[in-house]
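**Student:** What follows is input_33.pdb, made up of PDB, C-alpha atoms, pLDDT in the B column:
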ATOM      1  CA  MET A   1     -27.996 -60.560  31.394  1.00 49.00           C
ATOM      2  CA  GLU A   2     -26.945 -58.616  34.463  1.00 60.00           C
ATOM      3  CA  ASP A   3     -29.375 -56.126  36.032  1.00 58.00           C
ATOM      4  CA  LEU A   4     -27.836 -52.671  36.256  1.00 72.00           C
ATOM      5  CA  LEU A   5     -30.633 -50.303  37.308  1.00 78.00           C
ATOM      6  CA  GLU A   6     -33.099 -50.716  40.163  1.00 84.00           C
ATOM      7  CA  ARG A   7     -35.511 -48.027  38.954  1.00 90.00           C
ATOM      8  CA  CYS A   8     -35.855 -46.858  35.368  1.00 92.00           C
ATOM      9  CA  ALA A   9     -38.487 -45.694  32.911  1.00 95.00           C
ATOM     10  CA  GLY A  10     -39.164 -45.607  29.203  1.00 94.00           C
ATOM     11  CA  LEU A  11     -41.107 -42.810  27.504  1.00 95.00           C
ATOM     12  CA  ASP A  12     -42.829 -43.081  24.127  1.00 92.00           C
ATOM     13  CA  VAL A  13     -43.445 -39.507  22.959  1.00 90.00           C
ATOM     14  CA  HIS A  14     -46.323 -38.769  20.575  1.00 87.00           C
ATOM     15  CA  LYS A  15     -47.847 -35.504  19.361  1.00 85.00           C
ATOM     16  CA  ASP A  16     -50.631 -35.427  21.961  1.00 91.00           C
ATOM     17  CA  SER A  17     -49.451 -37.898  24.584  1.00 92.00           C
ATOM     18  CA  VAL A  18     -46.504 -39.445  26.384  1.00 94.00           C
ATOM     19  CA  VAL A  19     -46.767 -43.096  27.427  1.00 95.00           C
ATOM     20  CA  ALA A  20     -44.481 -43.909  30.352  1.00 96.00           C
ATOM     21  CA  THR A  21     -43.537 -47.296  31.796  1.00 96.00           C
ATOM     22  CA  VAL A  22     -41.613 -47.635  35.045  1.00 95.00           C
ATOM     23  CA  ILE A  23     -39.804 -50.826  36.026  1.00 91.00           C
ATOM     24  CA  ALA A  24     -38.559 -50.978  39.608  1.00 88.00           C
ATOM     25  CA  GLY A  25     -37.131 -53.696  41.818  1.00 82.00           C
ATOM     26  CA  LYS A  26     -33.978 -55.100  43.311  1.00 78.00           C
ATOM     27  CA  HIS A  27     -31.935 -57.853  41.687  1.00 72.00           C
ATOM     28  CA  GLY A  28     -33.507 -61.246  42.352  1.00 73.00           C
ATOM     29  CA  LYS A  29     -36.781 -59.752  43.610  1.00 79.00           C
ATOM     30  CA  ARG A  30     -40.124 -59.381  41.881  1.00 84.00           C
ATOM     31  CA  LEU A  31     -40.244 -56.341  39.570  1.00 85.00           C
ATOM     32  CA  VAL A  32     -42.936 -53.679  39.662  1.00 87.00           C
ATOM     33  CA  LYS A  33     -43.991 -52.597  36.175  1.00 93.00           C
ATOM     34  CA  GLU A  34     -46.507 -49.802  35.726  1.00 95.00           C
ATOM     35  CA  THR A  35     -47.630 -47.901  32.611  1.00 97.00           C
ATOM     36  CA  GLN A  36     -49.509 -44.611  32.435  1.00 97.00           C
ATOM     37  CA  SER A  37     -50.337 -42.057  29.716  1.00 97.00           C
ATOM     38  CA  PHE A  38     -49.948 -38.297  30.080  1.00 98.00           C
ATOM     39  CA  GLY A  39     -50.769 -35.308  27.910  1.00 97.00           C
ATOM     40  CA  THR A  40     -48.140 -33.007  26.431  1.00 94.00           C
ATOM     41  CA  MET A  41     -49.168 -29.695  28.007  1.00 96.00           C
ATOM     42  CA  THR A  42     -47.063 -28.280  30.848  1.00 97.00           C
ATOM     43  CA  PRO A  43     -49.396 -29.399  33.695  1.00 98.00           C
ATOM     44  CA  ASP A  44     -49.443 -32.925  32.225  1.00 98.00           C
ATOM     45  CA  LEU A  45     -45.649 -33.051  31.991  1.00 97.00           C
ATOM     46  CA  LEU A  46     -45.362 -31.846  35.586  1.00 98.00           C
ATOM     47  CA  GLU A  47     -47.711 -34.690  36.563  1.00 98.00           C
ATOM     48  CA  LEU A  48     -45.444 -37.095  34.631  1.00 97.00           C
ATOM     49  CA  SER A  49     -42.438 -35.744  36.531  1.00 96.00           C
ATOM     50  CA  ASP A  50     -44.210 -36.245  39.873  1.00 97.00           C
ATOM     51  CA  TRP A  51     -45.245 -39.763  38.848  1.00 96.00           C
ATOM     52  CA  LEU A  52     -41.659 -40.719  37.947  1.00 95.00           C
ATOM     53  CA  SER A  53     -40.410 -39.161  41.201  1.00 95.00           C
ATOM     54  CA  SER A  54     -42.908 -41.215  43.203  1.00 94.00           C
ATOM     55  CA  PHE A  55     -41.033 -44.329  42.020  1.00 92.00           C
ATOM     56  CA  GLU A  56     -37.650 -42.707  42.785  1.00 91.00           C
ATOM     57  CA  CYS A  57     -36.793 -43.303  39.134  1.00 91.00           C
ATOM     58  CA  THR A  58     -33.083 -42.669  38.432  1.00 88.00           C
ATOM     59  CA  HIS A  59     -32.887 -43.114  34.629  1.00 92.00           C
ATOM     60  CA  VAL A  60     -35.275 -42.429  31.755  1.00 94.00           C
ATOM     61  CA  ALA A  61     -34.974 -43.496  28.105  1.00 93.00           C
ATOM     62  CA  MET A  62     -37.094 -41.717  25.522  1.00 90.00           C
ATOM     63  CA  GLU A  63     -38.333 -42.675  22.073  1.00 81.00           C
ATOM     64  CA  SER A  64     -40.122 -40.220  19.842  1.00 71.00           C
ATOM     65  CA  THR A  65     -42.357 -41.071  16.914  1.00 68.00           C
ATOM     66  CA  GLY A  66     -43.111 -39.333  13.634  1.00 65.00           C
ATOM     67  CA  VAL A  67     -41.668 -35.853  13.156  1.00 63.00           C
ATOM     68  CA  TYR A  68     -40.076 -35.813  16.615  1.00 55.00           C
ATOM     69  CA  TRP A  69     -37.128 -38.051  15.741  1.00 54.00           C
TER      70      TRP A  69
END
The structure given in the file should be rewritten as structure tokens.
**Tutor:**
Amino acid sequence: MEDLLERCAGLDVHKDSVVATVIAGKHGKRLVKETQSFGTMTPDLLELSDWLSSFECTHVAMESTGVYW
């Protein structure tokens, strides 16, 4: 499989939390993979945004659970 993105993230959205995982790295190099949980209130989502920006994340995929899908 060919690598297409150097920095991306996946979000798993729940009622009270968002679990985010960032995978970053260049093709052929060791990948950095980090996971963190955030709340769903505005200050928490702003913290999530800052966290994703700190990795220079260019793409985000989101999965919701329960009533959110």
**Student:** Using only C-alpha atoms, which protein or nucleic acid residues come within 10 Å of Leu4 (chain A)? Drop anything in the same chain fewer than 3 positions from it, and give the result as a list in words.
**Tutor:** Met1, Arg7, Cys8, Lys26 and His27 of chain A
**Student:** Would you export the selected residues with C-alpha atoms as a PDB file, in the frame of the given file, please?
**Tutor:**
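Ended up saving to part_38.pdb:
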ATOM      1  CA  MET A   1     -27.996 -60.560  31.394  1.00 49.00           C
ATOM      2  CA  ARG A   7     -35.511 -48.027  38.954  1.00 90.00           C
ATOM      3  CA  CYS A   8     -35.855 -46.858  35.368  1.00 92.00           C
ATOM      4  CA  LYS A  26     -33.978 -55.100  43.311  1.00 78.00           C
ATOM      5  CA  HIS A  27     -31.935 -57.853  41.687  1.00 72.00           C
TER       6      HIS A  27
END
**Student:** Would you translate the PyMOL selection byres ((chain A and resi 52-63) around 12) into the concrete set of residues it matches in this file, as a compact mmCIF listing (two decimals) with C-alpha atoms, keeping the file's coordinate frame?
**Tutor:**
# COMPACT_ATOMS: atom_id res chain seq x y z
CA LEU A 4 -27.84 -52.67 36.26
CA LEU A 5 -30.63 -50.30 37.31
CA GLU A 6 -33.10 -50.72 40.16
CA ARG A 7 -35.51 -48.03 38.95
CA CYS A 8 -35.85 -46.86 35.37
CA ALA A 9 -38.49 -45.69 32.91
CA GLY A 10 -39.16 -45.61 29.20
CA LEU A 11 -41.11 -42.81 27.50
CA ASP A 12 -42.83 -43.08 24.13
CA VAL A 13 -43.44 -39.51 22.96
CA HIS A 14 -46.32 -38.77 20.58
CA VAL A 18 -46.50 -39.44 26.38
CA VAL A 19 -46.77 -43.10 27.43
CA ALA A 20 -44.48 -43.91 30.35
CA THR A 21 -43.54 -47.30 31.80
CA VAL A 22 -41.61 -47.64 35.04
CA ILE A 23 -39.80 -50.83 36.03
CA ALA A 24 -38.56 -50.98 39.61
CA GLY A 25 -37.13 -53.70 41.82
CA VAL A 32 -42.94 -53.68 39.66
CA LYS A 33 -43.99 -52.60 36.17
CA GLU A 34 -46.51 -49.80 35.73
CA THR A 35 -47.63 -47.90 32.61
CA GLN A 36 -49.51 -44.61 32.44
CA PHE A 38 -49.95 -38.30 30.08
CA LEU A 45 -45.65 -33.05 31.99
CA LEU A 46 -45.36 -31.85 35.59
CA GLU A 47 -47.71 -34.69 36.56
CA LEU A 48 -45.44 -37.10 34.63
CA SER A 49 -42.44 -35.74 36.53
CA ASP A 50 -44.21 -36.24 39.87
CA TRP A 51 -45.24 -39.76 38.85
CA SER A 64 -40.12 -40.22 19.84
CA THR A 65 -42.36 -41.07 16.91
CA GLY A 66 -43.11 -39.33 13.63
CA VAL A 67 -41.67 -35.85 13.16
CA TYR A 68 -40.08 -35.81 16.61
CA TRP A 69 -37.13 -38.05 15.74
**Student:** Kindly list the centre and edge lengths in Å, rounded to one decimal, for the axis-aligned box that covers all listed atoms of region 39-44 of chain A plus 6 Å on each of its six sides, as JSON.
**Tutor:**
{"center_x": -48.9, "center_y": -31.8, "center_z": 30.1, "size_x": 15.7, "size_y": 19.0, "size_z": 19.3}
